[in-house]
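Asker: Got a structure here, written out as structure tokens. Questions coming.
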Amino acid sequence: MTENREPRTLLVGPGTVFTPERCVPGGGVWIREGRVERVGEWGELRRRAKGVRLLDARGGIILPGFCNAHTHLYSALARGMSVPGAPARNFVQILERLWWRLDKALQEEDVLASAMVGLVECVRCGVTTIIDHHASPNACAGSLDVIRGAVEKVGLRASLCYEVSDRDGGGREGIEESVRFARTLRTRPSRHVGALMGVHALFTVSDDTLQACVAAAREEGLGLHLHVSEDRADVARNVARYGERPVMRLRRHGALGPRTLAAHCVHVDGREIGLLARTGTLVAHNPESNMNNAVGYAPVGEMLRRGVTVGLGTDGMTADVLREAKVAALVARHHGRDPRKGWDEVRRIAGEGTREVVGRVLGDKIGRLEKGWSGDLVVLDYDPPTRVGVENLWGHLQFGIDARHVSSVVAQGKVLMRERRLTTVDEREVMERARERAKGVWGRMKNAKQAMENGK
Ligand SMILES: [Zn+2]
């Protein structure tokens with residue numbers, strides 16, 4: 001167990017604090033025992049919070065820590081990899097040629113190396129909470145413990161799950177890992193880590209496996225986390241094999257509900273959106289990944305209008321959720337051919353939607369600098385060329401502020417980065433280790449491809 005014993009009582013300021021609904025210029029944030037105690041005028045806070053450790057914000061902007069509603073830490077070692085052969089023609093080929101080869105090549109040490117890279121990058125980008133979806137079929141047992149160790153070491157917060165899939169006939173092992181991990185968390189709780197029951201997607205799980213996941217989740221008190229209708233192929237295969245669309249199939253298995261997180265939902269029809277809304281199912285929108293895989297654009301406008309809670313994720317494309325929010329706004333306008341999109345719609349997804357998703361998944365008050373909420377914040381050394389207030393913060397977040405402005409990061413009252421220096425891990429060591437491990441992973445992927453071709 002690597003829980004850090006550093007006191008979690010801290011005073012951060014002076015700076016312009018956004019709660020984010022309220023702006024306190026010349027203010028600060030007092031965090032006590034990992035929770036926000038008070039946001040107020042800096043001089044007053046200094047008088048009240050005597051003898052407390054200080055984090056100098058140097059007059060910067062102080063925001064709640066950023067959150068990522070859907071990501072894959074295990075994707076880190078794919079960076080810069082060139083996939084041999086002709087470019088993938090469609091989404092399923094992208095999975096077969098890249099991601100399903102990568103996850104099979106991962107050994108336990110690689111799971112750790114990828115997680116460390118992903119987590120370090122989260123801190124650099126001001127991200128203090130993530131919801132992760134993990135796969136390593138040849139290093140499944142114990143993999144969630146390995147990631148838990150990394151999360152606790154770096155110091156942020158994560159909901160973890162193992163993606164169950166029948167694609168290699170390995171559904172049972174994934175369920176066992178999820179159940180084992182949930183029980184470990186009960187006997188050895190962590191203030192950094194929560195758990196969900198992961199499922200890859202409905203086109204890779206049989207009815208029996210899906211039913212077993214839903215039953216195990218119920219028994220262990222876990223929510224579900226899966227990819228839903230990311231590509232048309234998911235819909236087509238479910239209709240062909242089971243005679244129903246993915247969301248309808250989830251309903252038949254009793255898998256929808258306020259503790260289910262459905263990533264993507266690009267190809268959901270009106271009836272399915274109605275079901276997502278009525279059951280309170282959570283959705284994670286990942287526009288960069290959707291564009292990268294050329295799978296289409298999720299009907300987020302309609303989902304919001306009909307009352308679905310939609311948060312923002314990066315799907316492992318990047319740790320930078322600010323970049324994702326910018327892209328989300330641009331593609332909303334571009335796709336809708338309407339410059340009004342991307343303001344209210346995307347602000348709701350990146351703001352209250354994401355807050356609701358991570359708060360519900362992790363069962364805590366995350367994403368606001370108000371008394372009693374988790375003491376997670378970022379300090380930005382952004383020197384704005386125009387004034388910043390509550391009314392135009394979103395404009396600055398879209399067109400001014402980005403990850404390079406993140407100078408200090410605090411999670412649950414603990415400083416993870418102070419003036420651009422990570423405090424909990426040696427970043428160079430993490431990257432060196434990752435490069436070492438990547439050699440082996442890339443080699444195994446190449447061999448697997450060769451073996452497959454020889455076997456044909
Ligand atoms: Zn994903």
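Each chain in the structure tokens gets a letter, A, B, ..., in the order shown, and its residues are numbered from 1; ligands are numbered from 1 in order too.
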Residues of range 332-446 of chain A within 12 Å of range 279-282 of chain A: nearest atom pair and distance (Å, one decimal) for each, counting only C-alpha atoms, sorted by chain and number, as a tab-separated table?
Answerer:
```
residue	atom	partner	partner_atom	distance
A:Ile349	CA	A:Leu282	CA	11.4
A:Gly353	CA	A:Leu282	CA	9.0
A:Thr354	CA	A:Leu282	CA	9.6
A:Arg355	CA	A:Leu282	CA	11.3
A:Glu356	CA	A:Leu282	CA	8.7
A:Val357	CA	A:Leu282	CA	6.4
A:Val358	CA	A:Leu282	CA	9.8
A:Gly359	CA	A:Leu282	CA	11.3
A:Arg360	CA	A:Leu282	CA	9.1
A:Val361	CA	A:Leu282	CA	9.3
```
Asker: Export C-alpha atoms of the chosen residues as an mmCIF file, in the first residue's frame?
Answerer:
```cif
data_model
loop_
_atom_site.group_PDB
_atom_site.id
_atom_site.type_symbol
_atom_site.label_atom_id
_atom_site.label_comp_id
_atom_site.auth_asym_id
_atom_site.auth_seq_id
_atom_site.Cartn_x
_atom_site.Cartn_y
_atom_site.Cartn_z
ATOM 1 C CA ILE A 349 -20.860 18.113 -21.102
ATOM 2 C CA GLY A 353 -22.084 16.402 -17.085
ATOM 3 C CA THR A 354 -18.557 15.197 -16.369
ATOM 4 C CA ARG A 355 -18.925 16.180 -12.710
ATOM 5 C CA GLU A 356 -22.083 14.112 -12.447
ATOM 6 C CA VAL A 357 -20.475 11.098 -14.146
ATOM 7 C CA VAL A 358 -17.317 10.971 -12.001
ATOM 8 C CA GLY A 359 -19.204 11.884 -8.840
ATOM 9 C CA ARG A 360 -21.691 9.065 -9.308
ATOM 10 C CA VAL A 361 -19.079 6.511 -10.386
#
```
Asker: Mind listing the residues within 10 Å of ligand 1, only C-alpha atoms and all ligand atoms counted, as a ChimeraX atom specification?
Answerer: /A:70-72,132-134,163,200-201,225-228,230,262-264,284,286,289-290,313-317
Asker: Taking the chain letters and numbering used in this document, name the residues of range 112-255 of chain A that DSSP puts in strand (DSSP E or B), as a list of chain:residue names.
Answerer: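 Everything in range 112-255 of chain A that counts as strand (DSSP E or B) is A:Val127, A:Thr128, A:Thr129, A:Ile130, A:Ile131, A:Asp132, A:His134, A:Arg157, A:Ala158, A:Ser159, A:Leu160, A:Tyr162, A:Glu163, A:Val164, A:Val193, A:Gly194, A:Ala195, A:Met197, A:Gly198, A:Val199, A:His200, A:Ala201, A:Leu224, A:His225, A:Leu226, A:His227, A:Val228.
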Asker: Would you please work out which residue, of A:Gly174, A:Gly118, A:Gly85, A:Pro246, is nearest to Cys213 in chain A when using only C-alpha atoms?
Answerer: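 Closest candidate: A:Gly174.
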Asker: Need to verify the contact set: Asp269 in chain A, 10 Å, only C-alpha atoms, exclusion of same-chain residues closer than 6 positions in sequence. Can you return it as a list of chain:residue names?
Answerer: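 Within the cut-off, the hits are A:Arg245, A:Val247, A:Pro299.
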Asker: Have a look at A:Val235, A:Ala105, A:Cys265, A:Leu112 and name the one nearest to Lys439 in chain A; count only C-alpha atoms.
Answerer: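 Among A:Val235, A:Ala105, A:Cys265, A:Leu112, it is A:Ala105 that comes nearest to Lys439 in chain A.
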Asker: Using only C-alpha atoms, which residues sit within 10 Å of range 9-14 of chain A once same-chain residues fewer than 2 positions away are excluded, as number ranges by chain?
Answerer: A: 6-7, 16-17, 25-43, 45-46, 49-62, 375, 377-379, 408, 410, 412-415
Asker: Choose the residue, out of A:Glu44, A:Met417, A:Arg186, A:Leu224, that has the smallest atom-to-atom separation from Gly198 in chain A; count only C-alpha atoms.
Answerer: A:Leu224
Asker: Where does DSSP see helix (DSSP H, G or I) in range 128-161 of chain A, if you list the residues as a PyMOL selection string?
Answerer: chain A and resi 137-139+143-154
Asker: Rounded to one decimal place, report the CA of Val24 in chain A-CA of Val409 in chain A distance in Å.
Answerer: 18.8 Å
Asker: Name the residues in contact with Ala182 in chain A at a cut-off of 12 Å, using only C-alpha atoms, excluding same-chain residues fewer than 3 positions from it; report them as a PDB file with N, CA and C atoms, in the first residue's frame.
Answerer:
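Output below, filename out10.pdb:
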```pdb
ATOM      1  N   GLY A 142      -4.753  -9.914 -11.402  1.00  0.00           N
ATOM      2  CA  GLY A 142      -3.936  -8.985 -10.620  1.00  0.00           C
ATOM      3  C   GLY A 142      -3.646  -7.668 -11.318  1.00  0.00           C
ATOM      4  N   LEU A 144      -5.535  -5.187 -12.102  1.00  0.00           N
ATOM      5  CA  LEU A 144      -6.151  -3.995 -11.493  1.00  0.00           C
ATOM      6  C   LEU A 144      -5.404  -3.574 -10.225  1.00  0.00           C
ATOM      7  N   ASP A 145      -4.803  -4.545  -9.518  1.00  0.00           N
ATOM      8  CA  ASP A 145      -3.972  -4.188  -8.360  1.00  0.00           C
ATOM      9  C   ASP A 145      -2.747  -3.389  -8.802  1.00  0.00           C
ATOM     10  N   ARG A 148      -3.885   0.011  -9.566  1.00  0.00           N
ATOM     11  CA  ARG A 148      -4.199   0.676  -8.298  1.00  0.00           C
ATOM     12  C   ARG A 148      -2.911   1.209  -7.646  1.00  0.00           C
ATOM     13  N   SER A 159     -11.354   5.418 -11.160  1.00  0.00           N
ATOM     14  CA  SER A 159     -12.235   4.261 -11.105  1.00  0.00           C
ATOM     15  C   SER A 159     -11.653   3.269 -12.103  1.00  0.00           C
ATOM     16  N   LEU A 160     -11.441   2.030 -11.667  1.00  0.00           N
ATOM     17  CA  LEU A 160     -10.789   1.039 -12.524  1.00  0.00           C
ATOM     18  C   LEU A 160     -11.754  -0.086 -12.880  1.00  0.00           C
ATOM     19  N   CYS A 161     -11.545  -0.681 -14.048  1.00  0.00           N
ATOM     20  CA  CYS A 161     -12.301  -1.892 -14.390  1.00  0.00           C
ATOM     21  C   CYS A 161     -11.512  -2.703 -15.390  1.00  0.00           C
ATOM     22  N   TYR A 162     -11.817  -3.986 -15.471  1.00  0.00           N
ATOM     23  CA  TYR A 162     -11.202  -4.862 -16.462  1.00  0.00           C
ATOM     24  C   TYR A 162     -12.241  -5.176 -17.537  1.00  0.00           C
ATOM     25  N   ILE A 175     -14.123 -11.533 -15.604  1.00  0.00           N
ATOM     26  CA  ILE A 175     -15.111 -11.399 -14.526  1.00  0.00           C
ATOM     27  C   ILE A 175     -14.458 -11.721 -13.181  1.00  0.00           C
ATOM     28  N   GLU A 176     -13.647 -12.775 -13.180  1.00  0.00           N
ATOM     29  CA  GLU A 176     -12.961 -13.152 -11.929  1.00  0.00           C
ATOM     30  C   GLU A 176     -12.066 -12.024 -11.428  1.00  0.00           C
ATOM     31  N   GLU A 177     -11.339 -11.382 -12.351  1.00  0.00           N
ATOM     32  CA  GLU A 177     -10.450 -10.286 -11.950  1.00  0.00           C
ATOM     33  C   GLU A 177     -11.271  -9.116 -11.375  1.00  0.00           C
ATOM     34  N   SER A 178     -12.406  -8.828 -12.008  1.00  0.00           N
ATOM     35  CA  SER A 178     -13.240  -7.720 -11.538  1.00  0.00           C
ATOM     36  C   SER A 178     -13.789  -8.010 -10.143  1.00  0.00           C
ATOM     37  N   VAL A 179     -14.258  -9.238  -9.948  1.00  0.00           N
ATOM     38  CA  VAL A 179     -14.835  -9.608  -8.646  1.00  0.00           C
ATOM     39  C   VAL A 179     -13.736  -9.613  -7.570  1.00  0.00           C
ATOM     40  N   LEU A 185     -10.893  -4.280  -2.653  1.00  0.00           N
ATOM     41  CA  LEU A 185     -11.176  -2.886  -2.281  1.00  0.00           C
ATOM     42  C   LEU A 185     -12.036  -2.809  -1.021  1.00  0.00           C
ATOM     43  N   ARG A 186     -12.870  -3.826  -0.852  1.00  0.00           N
ATOM     44  CA  ARG A 186     -13.698  -3.819   0.371  1.00  0.00           C
ATOM     45  C   ARG A 186     -12.859  -4.112   1.607  1.00  0.00           C
ATOM     46  N   THR A 187     -11.904  -5.044   1.474  1.00  0.00           N
ATOM     47  CA  THR A 187     -11.092  -5.377   2.655  1.00  0.00           C
ATOM     48  C   THR A 187      -9.963  -4.367   2.846  1.00  0.00           C
ATOM     49  N   ARG A 188      -9.527  -3.767   1.757  1.00  0.00           N
ATOM     50  CA  ARG A 188      -8.422  -2.803   1.854  1.00  0.00           C
ATOM     51  C   ARG A 188      -8.809  -1.565   1.046  1.00  0.00           C
ATOM     52  N   PRO A 189      -9.708  -0.738   1.614  1.00  0.00           N
ATOM     53  CA  PRO A 189     -10.230   0.407   0.844  1.00  0.00           C
ATOM     54  C   PRO A 189      -9.135   1.425   0.522  1.00  0.00           C
ATOM     55  N   SER A 190      -9.403   2.209  -0.508  1.00  0.00           N
ATOM     56  CA  SER A 190      -8.442   3.220  -0.932  1.00  0.00           C
ATOM     57  C   SER A 190      -9.181   4.523  -1.144  1.00  0.00           C
ATOM     58  N   VAL A 193      -8.989   5.001  -5.224  1.00  0.00           N
ATOM     59  CA  VAL A 193      -9.443   4.076  -6.257  1.00  0.00           C
ATOM     60  C   VAL A 193     -10.833   3.516  -5.975  1.00  0.00           C
ATOM     61  N   GLY A 194     -11.648   3.441  -7.034  1.00  0.00           N
ATOM     62  CA  GLY A 194     -12.944   2.778  -6.986  1.00  0.00           C
ATOM     63  C   GLY A 194     -12.987   1.739  -8.103  1.00  0.00           C
ATOM     64  N   ALA A 195     -14.086   0.974  -8.176  1.00  0.00           N
ATOM     65  CA  ALA A 195     -14.140  -0.085  -9.183  1.00  0.00           C
ATOM     66  C   ALA A 195     -15.478  -0.110  -9.906  1.00  0.00           C
ATOM     67  N   LEU A 196     -15.440  -0.567 -11.146  1.00  0.00           N
ATOM     68  CA  LEU A 196     -16.648  -0.845 -11.920  1.00  0.00           C
ATOM     69  C   LEU A 196     -16.480  -2.232 -12.538  1.00  0.00           C
ATOM     70  N   MET A 197     -17.572  -2.788 -13.060  1.00  0.00           N
ATOM     71  CA  MET A 197     -17.479  -4.026 -13.829  1.00  0.00           C
ATOM     72  C   MET A 197     -17.354  -3.622 -15.292  1.00  0.00           C
ATOM     73  N   GLY A 198     -16.220  -3.969 -15.904  1.00  0.00           N
ATOM     74  CA  GLY A 198     -15.998  -3.563 -17.295  1.00  0.00           C
ATOM     75  C   GLY A 198     -16.458  -4.623 -18.284  1.00  0.00           C
ATOM     76  N   ALA A 216     -22.685 -10.556 -11.577  1.00  0.00           N
ATOM     77  CA  ALA A 216     -21.519 -10.331 -10.703  1.00  0.00           C
ATOM     78  C   ALA A 216     -21.509  -8.875 -10.227  1.00  0.00           C
ATOM     79  N   ALA A 217     -21.839  -7.956 -11.133  1.00  0.00           N
ATOM     80  CA  ALA A 217     -21.851  -6.534 -10.765  1.00  0.00           C
ATOM     81  C   ALA A 217     -22.873  -6.294  -9.656  1.00  0.00           C
ATOM     82  N   ARG A 218     -24.014  -6.927  -9.808  1.00  0.00           N
ATOM     83  CA  ARG A 218     -25.070  -6.748  -8.809  1.00  0.00           C
ATOM     84  C   ARG A 218     -24.615  -7.289  -7.455  1.00  0.00           C
ATOM     85  N   GLU A 219     -24.043  -8.468  -7.501  1.00  0.00           N
ATOM     86  CA  GLU A 219     -23.593  -9.118  -6.268  1.00  0.00           C
ATOM     87  C   GLU A 219     -22.518  -8.303  -5.541  1.00  0.00           C
ATOM     88  N   GLU A 220     -21.612  -7.696  -6.347  1.00  0.00           N
ATOM     89  CA  GLU A 220     -20.498  -6.973  -5.735  1.00  0.00           C
ATOM     90  C   GLU A 220     -20.820  -5.490  -5.549  1.00  0.00           C
ATOM     91  N   GLY A 221     -22.020  -5.069  -5.951  1.00  0.00           N
ATOM     92  CA  GLY A 221     -22.398  -3.660  -5.799  1.00  0.00           C
ATOM     93  C   GLY A 221     -21.631  -2.739  -6.732  1.00  0.00           C
ATOM     94  N   LEU A 222     -21.333  -3.229  -7.948  1.00  0.00           N
ATOM     95  CA  LEU A 222     -20.557  -2.425  -8.896  1.00  0.00           C
ATOM     96  C   LEU A 222     -21.446  -1.870 -10.003  1.00  0.00           C
ATOM     97  N   GLY A 223     -21.088  -0.708 -10.522  1.00  0.00           N
ATOM     98  CA  GLY A 223     -21.712  -0.218 -11.743  1.00  0.00           C
ATOM     99  C   GLY A 223     -21.031  -0.879 -12.933  1.00  0.00           C
TER     100      GLY A 223
END
```
Asker: Using only C-alpha atoms, determine which residues lie at most 10 Å from Lys446 in chain A, disregarding the query and same-chain residues fewer than 2 positions distant; provide the list as a list in words.
Answerer: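 After dropping sequence-adjacent residues, the list is Val83, Pro84, Arg101, Leu102, Ala105, Gly440, Val441, Trp442, Gly443, Arg444, Ala448, Lys449, Gln450, Ala451 and Met452 of chain A.
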Asker: Once you have the residues from the selection above, write them out as a CSV table (one decimal), in the first residue's frame, restricted to C-alpha atoms.
Answerer:
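In the end it all went to selection.csv:
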```
chain,number,residue,atom,x,y,z
A,83,VAL,CA,1.0,-0.5,-37.9
A,84,PRO,CA,2.4,-2.6,-40.7
A,101,ARG,CA,-2.8,-7.0,-30.7
A,102,LEU,CA,-1.5,-4.4,-28.2
A,105,ALA,CA,1.2,-8.2,-25.9
A,440,GLY,CA,9.2,-5.8,-25.8
A,441,VAL,CA,5.6,-5.0,-26.5
A,442,TRP,CA,6.2,-3.9,-30.0
A,443,GLY,CA,8.4,-7.0,-30.6
A,444,ARG,CA,5.6,-9.3,-29.4
A,448,ALA,CA,2.0,-12.3,-33.3
A,449,LYS,CA,1.3,-10.8,-36.7
A,450,GLN,CA,4.0,-12.9,-38.3
A,451,ALA,CA,2.6,-16.1,-36.6
A,452,MET,CA,-0.9,-15.2,-37.8
```
Asker: Using only C-alpha atoms, pick whichever of A:Tyr297, A:Gln211, A:Ser206, A:Gly126 has the shortest atom-to-atom distance to Asn238 in chain A.
Answerer: A:Ser206
Asker: Nearest to Leu261 in chain A: which of A:Ala332, A:Ile131, A:Leu210, A:Leu275 is it, counting only C-alpha atoms?
Answerer: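 For Leu261 in chain A, the nearest of the given residues is A:Ile131.
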Asker: Restricting the calculation to only C-alpha atoms, which member of A:Val425, A:Thr318, A:Asn68, A:Glu453 is positioned closest to Glu152 in chain A?
Answerer: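 Using only C-alpha atoms, the shortest distance to Glu152 in chain A belongs to A:Val425.
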Asker: Report, in Å to a single decimal, how far apart CA of Val295 in chain A and CA of Glu272 in chain A are.
Answerer: 18.2 Å
Asker: Could you tell me how far CA of His192 in chain A lies from CA of Ala115 in chain A, in Å and to one decimal?
Answerer: 14.4 Å
